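Visitor: Sharing final_37.txt here; it has compact mmCIF, C-alpha atoms.
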# COMPACT_ATOMS: atom_id res chain seq x y z
CA MET F 142 69.15 63.80 101.02
CA PRO F 143 67.54 62.67 104.30
CA ARG F 144 63.87 63.70 104.66
CA PRO F 145 64.34 65.92 107.77
CA LEU F 146 66.82 68.08 105.84
CA ARG F 147 64.37 68.53 102.93
CA VAL F 148 61.69 69.75 105.36
CA THR F 149 64.13 72.16 106.95
CA VAL F 150 65.16 73.63 103.60
CA ALA F 151 61.51 74.01 102.51
CA ALA F 152 60.58 75.65 105.78
CA PHE F 153 63.52 78.04 105.50
CA ALA F 154 62.50 78.99 101.94
CA LEU F 155 58.94 79.62 103.09
CA LEU F 156 60.23 81.79 105.90
CA LEU F 157 62.23 83.90 103.42
CA VAL F 158 59.21 84.38 101.15
CA THR F 159 57.00 85.34 104.09
CA ALA F 160 59.57 87.82 105.38
CA CYS F 161 59.92 89.46 101.95
CA ASN F 162 56.17 89.75 101.51
CA SER F 163 55.79 91.25 104.98
CA ALA F 164 58.46 93.87 104.38
CA SER F 165 57.02 94.85 101.01
CA THR F 166 53.76 96.16 102.48
CA GLY F 167 55.46 99.18 103.93
CA GLY F 168 58.32 99.72 101.48
CA SER F 169 61.84 99.24 102.81
CA GLY F 170 62.44 98.76 106.51
CA THR F 171 60.61 96.68 109.10
CA SER F 172 57.21 98.41 109.30
CA SER F 173 54.16 96.70 107.80
CA VAL F 174 52.17 99.96 107.85
CA ARG F 175 51.44 101.33 104.38
CA GLY F 176 53.74 104.27 103.64
CA VAL F 177 55.74 103.97 106.85
CA THR F 178 59.27 102.57 106.98
CA ALA F 179 61.91 102.63 109.68
CA ASP F 180 63.12 106.02 108.51
CA ALA F 181 60.39 107.61 106.33
CA ILE F 182 56.71 108.53 106.10
CA ARG F 183 55.37 108.70 102.56
CA VAL F 184 52.85 111.50 101.87
CA GLY F 185 51.20 112.76 98.69
CA GLY F 186 48.77 115.52 97.77
CA ILE F 187 45.77 116.21 95.51
CA VAL F 188 45.49 119.77 94.20
CA SER F 189 43.66 121.53 91.36
CA MET F 190 46.82 122.61 89.56
CA THR F 191 44.82 123.35 86.40
CA SER F 192 41.17 124.07 85.59
CA ALA F 193 38.97 124.91 82.62
CA SER F 194 38.66 128.54 83.75
CA GLY F 195 42.41 128.97 84.20
CA TYR F 196 42.10 129.15 87.98
CA SER F 197 44.94 127.29 89.69
CA LYS F 198 45.79 126.20 93.22
CA LYS F 199 49.28 125.01 92.19
CA ASP F 200 51.07 126.95 94.92
CA THR F 201 49.33 124.70 97.46
CA ASP F 202 52.00 122.16 96.55
CA LEU F 203 54.81 124.66 97.22
CA GLY F 204 53.34 125.51 100.62
CA ALA F 205 53.16 121.86 101.65
CA ARG F 206 56.68 121.19 100.41
CA ALA F 207 57.98 124.19 102.40
CA ARG F 208 56.55 122.81 105.65
CA TYR F 209 57.72 119.26 105.02
CA ASP F 210 61.20 120.52 104.13
CA ARG F 211 61.48 122.31 107.46
CA ALA F 212 60.26 119.24 109.35
CA ASN F 213 62.95 117.17 107.65
CA ALA F 214 65.62 119.79 108.34
CA GLU F 215 64.67 119.60 112.01
CA GLY F 216 65.14 115.84 112.10
CA GLY F 217 61.78 114.61 110.86
CA ILE F 218 58.91 113.22 112.91
CA ASN F 219 60.04 110.96 115.73
CA GLY F 220 63.13 110.02 113.71
CA ARG F 221 61.39 109.59 110.36
CA LYS F 222 61.78 111.95 107.40
CA ILE F 223 58.79 112.97 105.31
CA GLU F 224 58.95 111.56 101.80
CA TYR F 225 56.65 114.03 100.05
CA LEU F 226 55.73 112.84 96.56
CA GLY F 227 54.17 116.13 95.51
CA ALA F 228 50.58 116.77 94.46
CA GLU F 229 48.48 115.03 91.83
CA ASP F 230 46.51 117.44 89.59
CA ASP F 231 42.77 116.68 89.58
CA GLY F 232 41.88 119.51 87.17
CA GLN F 233 38.81 120.19 89.33
CA ASP F 234 37.33 117.03 87.79
CA PRO F 235 35.60 114.49 90.10
CA ALA F 236 36.79 111.49 88.07
CA ARG F 237 40.39 112.71 88.16
CA ASN F 238 40.11 113.44 91.88
CA LEU F 239 39.10 109.84 92.57
CA ALA F 240 41.77 108.53 90.20
CA ALA F 241 44.41 110.59 92.01
CA ALA F 242 43.31 109.19 95.36
CA ARG F 243 43.47 105.62 94.04
CA LYS F 244 46.92 106.17 92.53
CA LEU F 245 48.36 107.59 95.74
CA VAL F 246 47.07 104.70 97.84
CA GLN F 247 47.25 101.70 95.53
CA GLN F 248 50.31 102.58 93.45
CA ASP F 249 52.35 105.02 95.53
CA LYS F 250 51.44 103.42 98.88
CA VAL F 251 51.21 106.69 100.82
CA PHE F 252 50.45 106.79 104.53
CA ALA F 253 48.63 110.13 104.22
CA VAL F 254 47.26 112.62 101.71
CA SER F 255 48.09 116.17 102.72
CA PRO F 256 47.27 118.60 101.17
CA MET F 257 43.93 117.97 99.44
CA SER F 258 42.67 121.21 97.92
CA SER F 259 39.99 121.25 95.22
CA VAL F 260 36.35 122.23 94.69
CA THR F 261 35.61 118.52 94.26
CA PHE F 262 36.43 115.59 96.53
CA ALA F 263 35.13 112.48 94.79
CA GLY F 264 37.98 110.52 96.37
CA ALA F 265 36.79 111.21 99.92
CA ASP F 266 34.88 107.96 100.50
CA PHE F 267 37.72 105.91 99.06
CA LEU F 268 40.38 107.57 101.23
CA ASP F 269 38.26 107.23 104.36
CA ALA F 270 37.48 103.58 103.63
CA GLN F 271 41.19 102.89 103.06
CA LYS F 272 41.95 104.61 106.39
CA VAL F 273 44.23 107.23 104.84
CA PRO F 274 44.73 110.31 107.07
CA THR F 275 43.83 113.20 104.76
CA VAL F 276 44.20 116.91 105.51
CA GLY F 277 43.00 119.81 103.39
CA TRP F 278 40.92 122.95 103.25
CA GLY F 279 37.64 122.09 104.99
CA THR F 280 35.40 123.91 102.52
CA LEU F 281 33.73 120.65 101.46
CA PRO F 282 31.28 118.50 103.46
CA SER F 283 33.64 115.51 103.26
CA PHE F 284 35.94 117.16 105.79
CA CYS F 285 33.14 117.30 108.35
CA GLY F 286 32.68 113.97 110.06
CA PRO F 287 34.53 111.11 108.29
CA ALA F 288 36.99 109.50 110.66
CA HIS F 289 40.18 109.98 108.63
CA LEU F 290 39.59 113.36 106.95
CA TYR F 291 40.60 116.67 108.57
CA GLY F 292 40.24 120.35 107.68
CA PHE F 293 43.38 122.32 108.56
CA ASN F 294 41.17 125.03 110.06
CA GLY F 295 38.32 122.73 111.02
CA CYS F 296 35.01 122.05 109.32
CA LEU F 297 33.90 125.08 107.32
CA VAL F 298 30.72 123.42 106.03
CA PRO F 299 28.31 123.26 108.95
CA THR F 300 26.40 120.06 109.61
CA PRO F 301 23.30 119.47 111.76
CA GLY F 302 24.37 119.95 115.34
CA GLY F 303 27.41 121.95 114.21
CA THR F 304 28.16 125.66 114.15
CA LEU F 305 28.69 128.56 111.76
CA ASN F 306 31.90 130.58 111.55
CA GLN F 307 31.00 134.26 111.92
CA THR F 308 34.28 135.78 110.73
CA TRP F 309 32.84 137.14 107.48
CA PRO F 310 29.62 138.79 108.73
CA GLU F 311 31.24 140.14 111.89
CA GLY F 312 34.22 141.43 109.92
CA LEU F 313 32.01 143.25 107.40
CA ALA F 314 29.93 144.66 110.24
CA SER F 315 33.15 146.17 111.57
CA VAL F 316 33.97 147.64 108.15
CA LEU F 317 30.48 149.17 107.85
CA GLY F 318 30.43 150.57 111.37
CA GLY F 319 27.87 148.02 112.52
CA SER F 320 25.22 145.83 110.92
CA ARG F 321 22.12 147.63 112.19
CA GLY F 322 20.08 148.86 109.23
CA LYS F 323 22.62 147.49 106.73
CA SER F 324 21.76 145.23 103.80
CA VAL F 325 23.85 142.64 102.00
CA ALA F 326 23.55 140.77 98.68
CA LEU F 327 24.99 137.25 98.39
CA ILE F 328 25.73 135.64 95.03
CA ALA F 329 27.22 132.24 94.15
CA GLY F 330 27.59 129.70 91.36
CA ASP F 331 24.73 127.41 90.37
CA ASN F 332 26.14 124.23 91.88
CA ASP F 333 25.82 122.29 95.13
CA ALA F 334 28.66 124.18 96.81
CA GLY F 335 27.20 127.54 95.78
CA LYS F 336 23.71 126.66 96.98
CA PHE F 337 24.99 125.44 100.31
CA GLY F 338 27.16 128.55 100.64
CA ILE F 339 24.16 130.79 100.07
CA ARG F 340 22.17 128.90 102.69
CA THR F 341 24.86 129.09 105.36
CA PHE F 342 25.96 132.68 104.76
CA THR F 343 22.35 133.84 104.71
CA GLN F 344 21.95 132.46 108.20
CA GLY F 345 25.27 133.91 109.33
CA PHE F 346 24.64 137.44 108.05
CA LYS F 347 21.13 137.48 109.49
CA ALA F 348 22.47 136.34 112.86
CA ALA F 349 24.98 139.21 112.76
CA GLY F 350 22.13 141.69 112.30
CA PHE F 351 22.21 142.28 108.53
CA GLN F 352 19.21 142.40 106.24
CA VAL F 353 19.88 139.85 103.49
CA ALA F 354 18.43 141.62 100.46
CA TYR F 355 19.54 139.13 97.81
CA ALA F 356 20.79 135.56 98.13
CA LYS F 357 21.02 133.45 94.98
CA ALA F 358 23.21 130.70 93.54
CA VAL F 359 22.46 131.52 89.90
CA VAL F 360 25.73 132.04 88.03
CA PRO F 361 26.49 129.15 85.61
CA ALA F 362 29.20 127.06 87.21
CA THR F 363 30.50 125.57 83.97
CA SER F 364 30.66 128.64 81.73
CA MET F 365 31.56 132.13 82.91
CA PRO F 366 29.11 134.82 81.74
CA SER F 367 30.35 137.28 79.14
CA ASP F 368 27.61 139.72 80.13
CA TRP F 369 27.00 140.34 83.85
CA SER F 370 24.30 143.01 83.44
CA ALA F 371 21.41 140.68 84.28
CA TYR F 372 23.00 139.90 87.65
CA THR F 373 24.15 143.43 88.50
CA LYS F 374 20.78 145.01 87.69
CA GLU F 375 19.00 142.65 90.03
CA ILE F 376 21.57 143.07 92.79
CA LEU F 377 21.62 146.88 92.56
CA ARG F 378 17.82 147.04 93.01
CA SER F 379 17.65 144.52 95.85
CA GLY F 380 18.21 146.86 98.81
CA PRO F 381 15.54 148.67 100.84
CA GLY F 382 13.39 150.86 98.58
CA ALA F 383 14.90 149.20 95.48
CA ALA F 384 18.23 150.85 96.30
CA ALA F 385 21.65 149.21 96.15
CA PRO F 386 22.65 147.02 99.12
CA ASP F 387 25.37 148.20 101.48
CA ALA F 388 27.55 145.21 100.65
CA VAL F 389 27.87 142.64 97.86
CA VAL F 390 29.38 139.30 98.86
CA SER F 391 30.55 136.87 96.17
CA VAL F 392 31.07 133.20 96.99
CA MET F 393 32.86 132.48 93.71
CA GLN F 394 36.36 131.99 92.32
CA THR F 395 38.63 134.72 90.96
CA PRO F 396 37.73 134.73 87.22
CA TYR F 397 34.04 135.10 88.08
CA ASN F 398 34.73 137.77 90.69
CA ILE F 399 36.71 139.87 88.23
CA GLY F 400 33.78 139.86 85.81
CA LEU F 401 31.17 140.60 88.45
CA PHE F 402 33.13 143.31 90.26
CA THR F 403 34.06 145.07 87.02
CA ALA F 404 30.38 145.16 86.04
CA LEU F 405 29.32 146.44 89.47
CA LYS F 406 31.83 149.27 89.36
CA ARG F 407 30.86 150.26 85.83
CA SER F 408 27.27 150.46 87.05
CA GLY F 409 28.37 153.01 89.64
CA TYR F 410 28.18 150.81 92.72
CA LYS F 411 29.91 152.47 95.72
CA GLY F 412 29.22 149.96 98.48
CA VAL F 413 31.47 147.32 100.03
CA ILE F 414 32.47 144.37 97.85
CA SER F 415 33.84 141.19 99.40
CA ASP F 416 34.92 137.65 98.48
CA PRO F 417 36.92 134.78 100.01
CA THR F 418 39.43 134.01 97.24
CA ASP F 419 41.25 137.06 95.88
CA TYR F 420 44.14 137.44 98.30
CA ASP F 421 46.93 136.93 95.80
CA PRO F 422 49.56 139.54 94.85
CA GLY F 423 50.05 137.66 91.59
CA LEU F 424 46.61 138.88 90.51
CA LEU F 425 47.87 142.45 90.49
CA ALA F 426 50.19 141.98 87.51
CA LYS F 427 47.40 142.89 85.08
CA ASP F 428 45.93 146.39 85.23
CA ALA F 429 42.39 145.21 84.45
CA THR F 430 42.49 142.69 87.27
CA LYS F 431 44.01 145.21 89.67
CA GLN F 432 41.24 147.69 88.89
CA ALA F 433 38.50 145.07 89.28
CA LEU F 434 39.78 144.06 92.71
CA ASP F 435 40.72 147.51 94.00
CA GLY F 436 38.82 148.24 97.20
CA VAL F 437 37.58 144.65 97.58
CA HIS F 438 37.58 143.19 101.09
CA VAL F 439 38.87 139.61 101.06
CA LEU F 440 38.03 137.12 103.80
CA LEU F 441 41.01 135.24 105.25
CA GLN F 442 40.88 132.33 107.65
CA PHE F 443 44.51 132.70 108.61
CA GLN F 444 46.81 135.48 109.75
CA PRO F 445 47.37 138.06 106.98
CA PHE F 446 50.80 138.04 105.35
CA GLU F 447 51.11 141.67 106.46
CA SER F 448 51.12 140.64 110.14
CA ASP F 449 54.46 140.45 111.96
CA THR F 450 54.30 137.44 114.26
CA PRO F 451 56.89 134.70 114.87
CA ALA F 452 54.67 132.18 113.08
CA MET F 453 54.29 134.42 110.03
CA ARG F 454 58.03 135.15 109.89
CA GLN F 455 58.68 131.39 109.99
CA PHE F 456 56.15 130.80 107.20
CA LYS F 457 57.79 133.40 104.96
CA ALA F 458 61.26 131.99 105.60
CA ASP F 459 60.09 128.45 104.82
CA ILE F 460 58.40 129.50 101.57
CA LYS F 461 61.46 131.44 100.42
CA LYS F 462 63.74 128.48 101.09
CA ALA F 463 61.42 126.05 99.26
CA ALA F 464 61.30 128.48 96.31
CA GLY F 465 65.06 128.29 95.90
CA GLY F 466 65.82 131.41 97.91
CA LYS F 467 63.58 133.64 95.81
CA ASP F 468 61.14 136.19 97.23
CA VAL F 469 58.03 134.82 95.52
CA PRO F 470 54.65 136.58 95.88
CA LEU F 471 52.72 134.95 98.72
CA ASN F 472 49.17 133.70 98.25
CA MET F 473 46.45 131.84 100.11
CA HIS F 474 47.14 128.59 98.26
CA MET F 475 50.62 128.45 99.77
CA MET F 476 49.02 128.84 103.19
CA THR F 477 46.52 126.07 102.43
CA GLY F 478 49.32 123.63 101.63
CA TYR F 479 51.52 124.79 104.47
CA MET F 480 48.86 124.50 107.18
CA SER F 481 47.54 121.18 105.84
CA ALA F 482 51.07 119.82 106.18
CA ASP F 483 51.46 121.48 109.57
CA LEU F 484 48.36 119.82 111.04
CA PHE F 485 49.38 116.42 109.72
CA LEU F 486 52.90 116.81 111.14
CA SER F 487 51.62 117.98 114.52
CA VAL F 488 49.27 115.03 114.95
CA ALA F 489 51.84 112.53 113.62
CA ALA F 490 54.40 113.83 116.12
CA LYS F 491 51.95 113.28 118.96
CA ALA F 492 51.26 109.74 117.70
CA GLY F 493 54.79 108.78 118.69
CA LYS F 494 57.44 106.47 117.26
CA ASP F 495 54.98 103.63 116.67
CA LEU F 496 53.14 105.39 113.84
CA THR F 497 50.09 103.55 112.59
CA VAL F 498 46.69 104.71 111.39
CA GLU F 499 45.32 103.72 114.80
CA SER F 500 47.96 105.68 116.74
CA PHE F 501 47.43 108.69 114.45
CA GLN F 502 43.68 108.59 115.04
CA LYS F 503 44.14 108.26 118.78
CA ALA F 504 46.48 111.27 118.79
CA ALA F 505 44.01 113.29 116.70
CA ASP F 506 41.13 112.58 119.06
CA GLY F 507 42.82 114.50 121.86
CA PHE F 508 44.86 117.00 119.85
CA SER F 509 44.97 120.74 120.56
CA ASP F 510 47.42 123.61 120.29
CA ARG F 511 47.32 127.39 120.40
CA GLY F 512 48.50 130.46 118.52
CA THR F 513 48.96 128.96 115.07
CA LEU F 514 48.49 130.80 111.77
CA VAL F 515 44.85 129.65 111.85
CA GLY F 516 44.30 130.31 115.56
CA ASP F 517 43.75 127.76 118.30
CA ARG F 518 43.25 124.23 116.94
CA ALA F 519 41.36 121.37 118.57
CA LEU F 520 40.23 117.90 117.52
CA PRO F 521 37.72 116.30 117.35
CA LYS F 522 36.06 119.74 117.59
CA GLY F 523 37.33 120.44 114.07
CA LYS F 524 35.16 117.62 112.74
CA LYS F 525 32.00 119.65 113.30
CA GLU F 526 33.06 123.28 113.36
CA SER F 527 35.77 125.65 112.22
CA PHE F 528 38.37 127.08 114.56
CA GLY F 529 36.43 130.36 114.24
CA CYS F 530 39.22 132.78 113.40
CA GLY F 531 39.90 135.09 110.50
CA ALA F 532 40.63 138.56 109.14
CA LEU F 533 39.69 140.88 106.30
CA VAL F 534 42.22 142.51 104.02
CA ARG F 535 41.51 145.25 101.49
CA LEU F 536 43.26 145.95 98.23
CA ARG F 537 44.06 149.66 97.98
CA ASN F 538 46.23 151.28 95.32
CA GLY F 539 47.77 147.99 94.30
CA ARG F 540 48.60 146.77 97.81
CA TYR F 541 46.80 144.67 100.38
CA GLU F 542 46.26 146.17 103.82
CA VAL F 543 44.65 144.71 106.94
CA ALA F 544 41.11 146.04 107.24
CA VAL F 545 40.01 143.85 110.18
CA PRO F 546 42.78 142.19 112.23
CA PHE F 547 42.93 138.43 112.75
CA THR F 548 40.29 137.71 115.38
CA CYS F 549 38.49 134.65 116.74
CA TYR F 550 34.70 135.02 116.88
CA PRO F 551 32.24 132.85 118.85
CA PRO F 552 30.45 130.51 116.42
CA ILE F 553 26.66 130.26 116.26
CA PRO F 554 24.54 127.09 116.06
CA PHE F 555 23.79 125.97 112.53
CA GLY F 556 20.12 125.35 111.83
Take the structure I supplied and represent it as structure tokens, if you would.
Guide:
Amino acid sequence: MPRPLRVTVAAFALLLVTACNSASTGGSGTSSVRGVTADAIRVGGIVSMTSASGYSKKDTDLGARARYDRANAEGGINGRKIEYLGAEDDGQDPARNLAAARKLVQQDKVFAVSPMSSVTFAGADFLDAQKVPTVGWGTLPSFCGPAHLYGFNGCLVPTPGGTLNQTWPEGLASVLGGSRGKSVALIAGDNDAGKFGIRTFTQGFKAAGFQVAYAKAVVPATSMPSDWSAYTKEILRSGPGAAAPDAVVSVMQTPYNIGLFTALKRSGYKGVISDPTDYDPGLLAKDATKQALDGVHVLLQFQPFESDTPAMRQFKADIKKAAGGKDVPLNMHMMTGYMSADLFLSVAAKAGKDLTVESFQKAADGFSDRGTLVGDRALPKGKKESFGCGALVRLRNGRYEVAVPFTCYPPIPFG
């Protein structure tokens, strides 16, 4: 065979190998962007589906799937369908959280992680370093600042130079007929999140005019107390003149709240009880749980399910369809997944047909919209502060009712 022909054949073979390698970086299609092909965007999630205490955020996955399903039914994002792989279970374990992040990026080759909902986010640095757009519930510091991580309702953990969301203190002031002369006790788990929560809410309630009579992160975070009397006795003597405070605010998860609230009620406490986690009709199936939560005011950072707005009607329809046409009980975890997916989809749509990490980031830097289920959204504002909106619902006679309507409050400087 003449030499020129051998060179041509070799060059052609090299061209084929190069082309195959180039295509493989993004799956099928012509894109070389991880997780993006000509007709699909690959997305995964990380959710605490299980935990040692039995607490589960599994419905976060259903909420995300519901939103992605609707996006696909409407034609996808700029011609691409969402290939949602579902959520990895981190079990509320930091090592598993990081392992899930690595699997989604290195093995599953996702473009984005949305939703991410857990009390731990050990995978945050890895996802940011790998330039993976990640959207979740901004209750952790990792959602406040890193370039590629976003809270679906902004940054809920204030940073120096940031602000505090005043929904909770202002809402409870409304319930109590004002904050003047009113006292509040704050209690949390003995971990970093609990300690930071106590610090921030102490500032927020004081700024709203409350006297903070008790503020401690003392409840063991790894083993739920079987006897709550030591905590309730101290709380019930913490108000002015060693009297009970006007309100008790728990910054803990449902199993802990049930124990604490039951103990408070058995001690004869008649004041306002509030927490940020127990908005879940599924909790009412057990009489003991229903009794423990009866009368409790729950903080929401989204429109209550009881509201009748176009956005809420759409949410309910999407959830029902994703649940196979069944009327499943709604809960806040569904909303977490749904709105994480919604923010990702909204920014990705703005990024245009040429979807890359760079185009996504550019779209995020100037993104804003109004009237969503979490209020008015804006980026990069959401990197340093929450969107400032919320409501309070109260459980009464086995049903939730709106105690303070969904309202947006001016934030205060965090210091």
Visitor: May I have a table of the residues of stretch 401-493 of chain F lying at most 12 Å from stretch 211-218 of chain F, giving each one's closest pair of atoms and their distance in Å to one decimal, counting all atoms listed in the file, ordered by chain and ascending residue number, as JSON lines?
Guide:
{"residue": "F:Gln455", "atom": "CA", "partner": "F:Arg211", "partner_atom": "CA", "distance": 9.8}
{"residue": "F:Phe456", "atom": "CA", "partner": "F:Arg211", "partner_atom": "CA", "distance": 10.0}
{"residue": "F:Lys457", "atom": "CA", "partner": "F:Arg211", "partner_atom": "CA", "distance": 12.0}
{"residue": "F:Ala458", "atom": "CA", "partner": "F:Arg211", "partner_atom": "CA", "distance": 9.9}
{"residue": "F:Asp459", "atom": "CA", "partner": "F:Arg211", "partner_atom": "CA", "distance": 6.8}
{"residue": "F:Ile460", "atom": "CA", "partner": "F:Arg211", "partner_atom": "CA", "distance": 9.8}
{"residue": "F:Lys461", "atom": "CA", "partner": "F:Arg211", "partner_atom": "CA", "distance": 11.5}
{"residue": "F:Lys462", "atom": "CA", "partner": "F:Arg211", "partner_atom": "CA", "distance": 9.2}
{"residue": "F:Ala463", "atom": "CA", "partner": "F:Arg211", "partner_atom": "CA", "distance": 9.0}
{"residue": "F:Tyr479", "atom": "CA", "partner": "F:Arg211", "partner_atom": "CA", "distance": 10.7}
{"residue": "F:Ala482", "atom": "CA", "partner": "F:Ala212", "partner_atom": "CA", "distance": 9.7}
{"residue": "F:Asp483", "atom": "CA", "partner": "F:Ala212", "partner_atom": "CA", "distance": 9.1}
{"residue": "F:Phe485", "atom": "CA", "partner": "F:Ile218", "partner_atom": "CA", "distance": 10.5}
{"residue": "F:Leu486", "atom": "CA", "partner": "F:Ile218", "partner_atom": "CA", "distance": 7.2}
{"residue": "F:Ser487", "atom": "CA", "partner": "F:Ile218", "partner_atom": "CA", "distance": 8.9}
{"residue": "F:Val488", "atom": "CA", "partner": "F:Ile218", "partner_atom": "CA", "distance": 10.0}
{"residue": "F:Ala489", "atom": "CA", "partner": "F:Ile218", "partner_atom": "CA", "distance": 7.1}
{"residue": "F:Ala490", "atom": "CA", "partner": "F:Ile218", "partner_atom": "CA", "distance": 5.6}
{"residue": "F:Lys491", "atom": "CA", "partner": "F:Ile218", "partner_atom": "CA", "distance": 9.2}
{"residue": "F:Ala492", "atom": "CA", "partner": "F:Ile218", "partner_atom": "CA", "distance": 9.7}
{"residue": "F:Gly493", "atom": "CA", "partner": "F:Ile218", "partner_atom": "CA", "distance": 8.4}
Visitor: Between F:Leu203, F:Ala263, F:Ala334, F:Val184, which is the closest to F:Val276 once you count all atoms listed in the file?
Guide: F:Val184
Visitor: Looking at all atoms listed in the file, which of F:Ala288, F:Thr341, F:Thr280, F:Gly176 is the one that sits closest to F:Ala505?
Guide: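 That would be F:Ala288, the residue with the smallest distance to F:Ala505.
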Visitor: Check the smallest atom-to-atom distance from each of F:Thr275, F:Gln444, F:Ser509, F:Ser315 to F:Ser255 using only C-alpha atoms, then report the winner.
Guide: F:Thr275
Visitor: For atom CA of F:Gln233 and atom CA of F:Asp202, quote the distance in Å rounded to one decimal.
Guide: 15.2 Å
Visitor: Please, what distance in Å, to one decimal, runs between atom CA of F:Gly185 and atom CA of F:Glu229?
Guide: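 Atom CA of F:Glu229 lies 7.7 Å from atom CA of F:Gly185.
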Visitor: Would you compute the distance between atom CA of F:Gln271 and atom CA of F:Gly227? Give it in Å to one decimal.
Guide: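 Those two atoms sit 20.0 Å apart.
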Visitor: Near F:Pro546, within 9 Å and counting only C-alpha atoms, which residues show up once chain neighbours fewer than 2 positions away are dropped, as a list of chain:residue names?
Guide: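 So the residues in contact are F:Gly312, F:Gln444, F:Pro445, F:Ser448, F:Gly531, F:Ala532, F:Leu533, F:Val534, F:Val543, F:Ala544, F:Thr548.
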Visitor: Place a sphere of radius 9 Å on (28.5, 124.1, 108.4) in the file coordinates and name every protein, DNA or RNA residue with an atom inside or on its surface, counting only C-alpha atoms; give the answer as a list in words.
Guide: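 Using only C-alpha atoms, the matching residues come out as Pro282, Cys285, Cys296, Leu297, Val298, Pro299, Thr300, Pro301, Gly303, Thr304, Leu305, Asn306, Phe337, Thr341, Lys525, Glu526, Ser527 and Phe555 of chain F.
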Visitor: Go ahead and dump the residues you just picked, C-alpha atoms, as a short mmCIF file (atom, residue, chain, number, x, y, z; two decimals), keeping the file's coordinate frame.
Guide:
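Contents of part_4.cif, freshly written:
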data_model
loop_
_atom_site.label_atom_id
_atom_site.label_comp_id
_atom_site.auth_asym_id
_atom_site.auth_seq_id
_atom_site.Cartn_x
_atom_site.Cartn_y
_atom_site.Cartn_z
CA PRO F 282 31.28 118.50 103.46
CA CYS F 285 33.14 117.30 108.35
CA CYS F 296 35.01 122.05 109.32
CA LEU F 297 33.90 125.08 107.32
CA VAL F 298 30.72 123.42 106.03
CA PRO F 299 28.31 123.26 108.95
CA THR F 300 26.40 120.06 109.61
CA PRO F 301 23.30 119.47 111.76
CA GLY F 303 27.41 121.95 114.21
CA THR F 304 28.16 125.66 114.15
CA LEU F 305 28.69 128.56 111.76
CA ASN F 306 31.90 130.58 111.55
CA PHE F 337 24.99 125.44 100.31
CA THR F 341 24.86 129.09 105.36
CA LYS F 525 32.00 119.65 113.30
CA GLU F 526 33.06 123.28 113.36
CA SER F 527 35.77 125.65 112.22
CA PHE F 555 23.79 125.97 112.53
#
Visitor: With only C-alpha atoms as the atoms that count, which of F:Thr418, F:Phe501, F:Leu520, F:Ser194 lies nearest to F:Gly232?
Guide: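 Closest residue, counting only C-alpha atoms: F:Ser194.
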Visitor: Go through F:Thr403, F:Leu327, F:Gly556, F:Leu239 and flag the residue nearest F:Glu375, using all atoms listed in the file for the distances.
Guide: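 Of all the options, F:Leu327 lies closest to F:Glu375.
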Visitor: Can you tell me, as an mmCIF file with C-alpha atoms, keeping the file's coordinate frame, what residues are no more than 7 Å from F:Ala329 when counting all atoms listed in the file, ignoring any on the same chain fewer than 2 positions away?
Guide:
data_model
loop_
_atom_site.group_PDB
_atom_site.id
_atom_site.type_symbol
_atom_site.label_atom_id
_atom_site.label_comp_id
_atom_site.auth_asym_id
_atom_site.auth_seq_id
_atom_site.Cartn_x
_atom_site.Cartn_y
_atom_site.Cartn_z
ATOM 1 C CA LEU F 327 24.990 137.250 98.390
ATOM 2 C CA ASP F 331 24.730 127.410 90.370
ATOM 3 C CA GLY F 335 27.200 127.540 95.780
ATOM 4 C CA ILE F 339 24.160 130.790 100.070
ATOM 5 C CA LYS F 357 21.020 133.450 94.980
ATOM 6 C CA ALA F 358 23.210 130.700 93.540
ATOM 7 C CA VAL F 359 22.460 131.520 89.900
ATOM 8 C CA VAL F 360 25.730 132.040 88.030
ATOM 9 C CA SER F 391 30.550 136.870 96.170
ATOM 10 C CA VAL F 392 31.070 133.200 96.990
ATOM 11 C CA MET F 393 32.860 132.480 93.710
#
Visitor: Using all atoms listed in the file, which residue out of F:Gly465, F:Gly436, F:Pro256, F:Gly478 lies closest to F:Arg537?
Guide: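 Looking at the shortest contact to F:Arg537, the residue is F:Gly436.
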Visitor: Would you compute the box with edges along x, y and z of the file around stretch 357-370 of chain F, including every atom the file lists for it and 6 Å extra on each side, and give its centre and edge lengths in Å to one decimal, as JSON?
Guide:
{"center_x": 26.3, "center_y": 134.3, "center_z": 87.1, "size_x": 22.5, "size_y": 29.4, "size_z": 27.8}
Visitor: Around the point (47.9, 122.7, 93.2) in the file's coordinates, collect all residues with an atom within 7 Å, using all atoms listed in the file, and return them as a compact mmCIF listing (two decimals) with C-alpha atoms, in the frame of the given file.
Guide:
# COMPACT_ATOMS: atom_id res chain seq x y z
CA VAL F 188 45.49 119.77 94.20
CA SER F 189 43.66 121.53 91.36
CA MET F 190 46.82 122.61 89.56
CA SER F 197 44.94 127.29 89.69
CA LYS F 198 45.79 126.20 93.22
CA LYS F 199 49.28 125.01 92.19
CA ASP F 200 51.07 126.95 94.92
CA THR F 201 49.33 124.70 97.46
CA ASP F 202 52.00 122.16 96.55
CA ALA F 228 50.58 116.77 94.46
CA ASP F 230 46.51 117.44 89.59
Visitor: May I have the residues within 6 Å of F:Val437 as a PDB file with C-alpha atoms, in the frame of the given file, using all atoms listed in the file and disregarding those fewer than 6 positions away in the same chain?
Guide:
ATOM      1  CA  ILE F 414      32.470 144.370  97.850  1.00  0.00           C
ATOM      2  CA  SER F 415      33.840 141.190  99.400  1.00  0.00           C
ATOM      3  CA  ARG F 535      41.510 145.250 101.490  1.00  0.00           C
ATOM      4  CA  LEU F 536      43.260 145.950  98.230  1.00  0.00           C
TER       5      LEU F 536
END
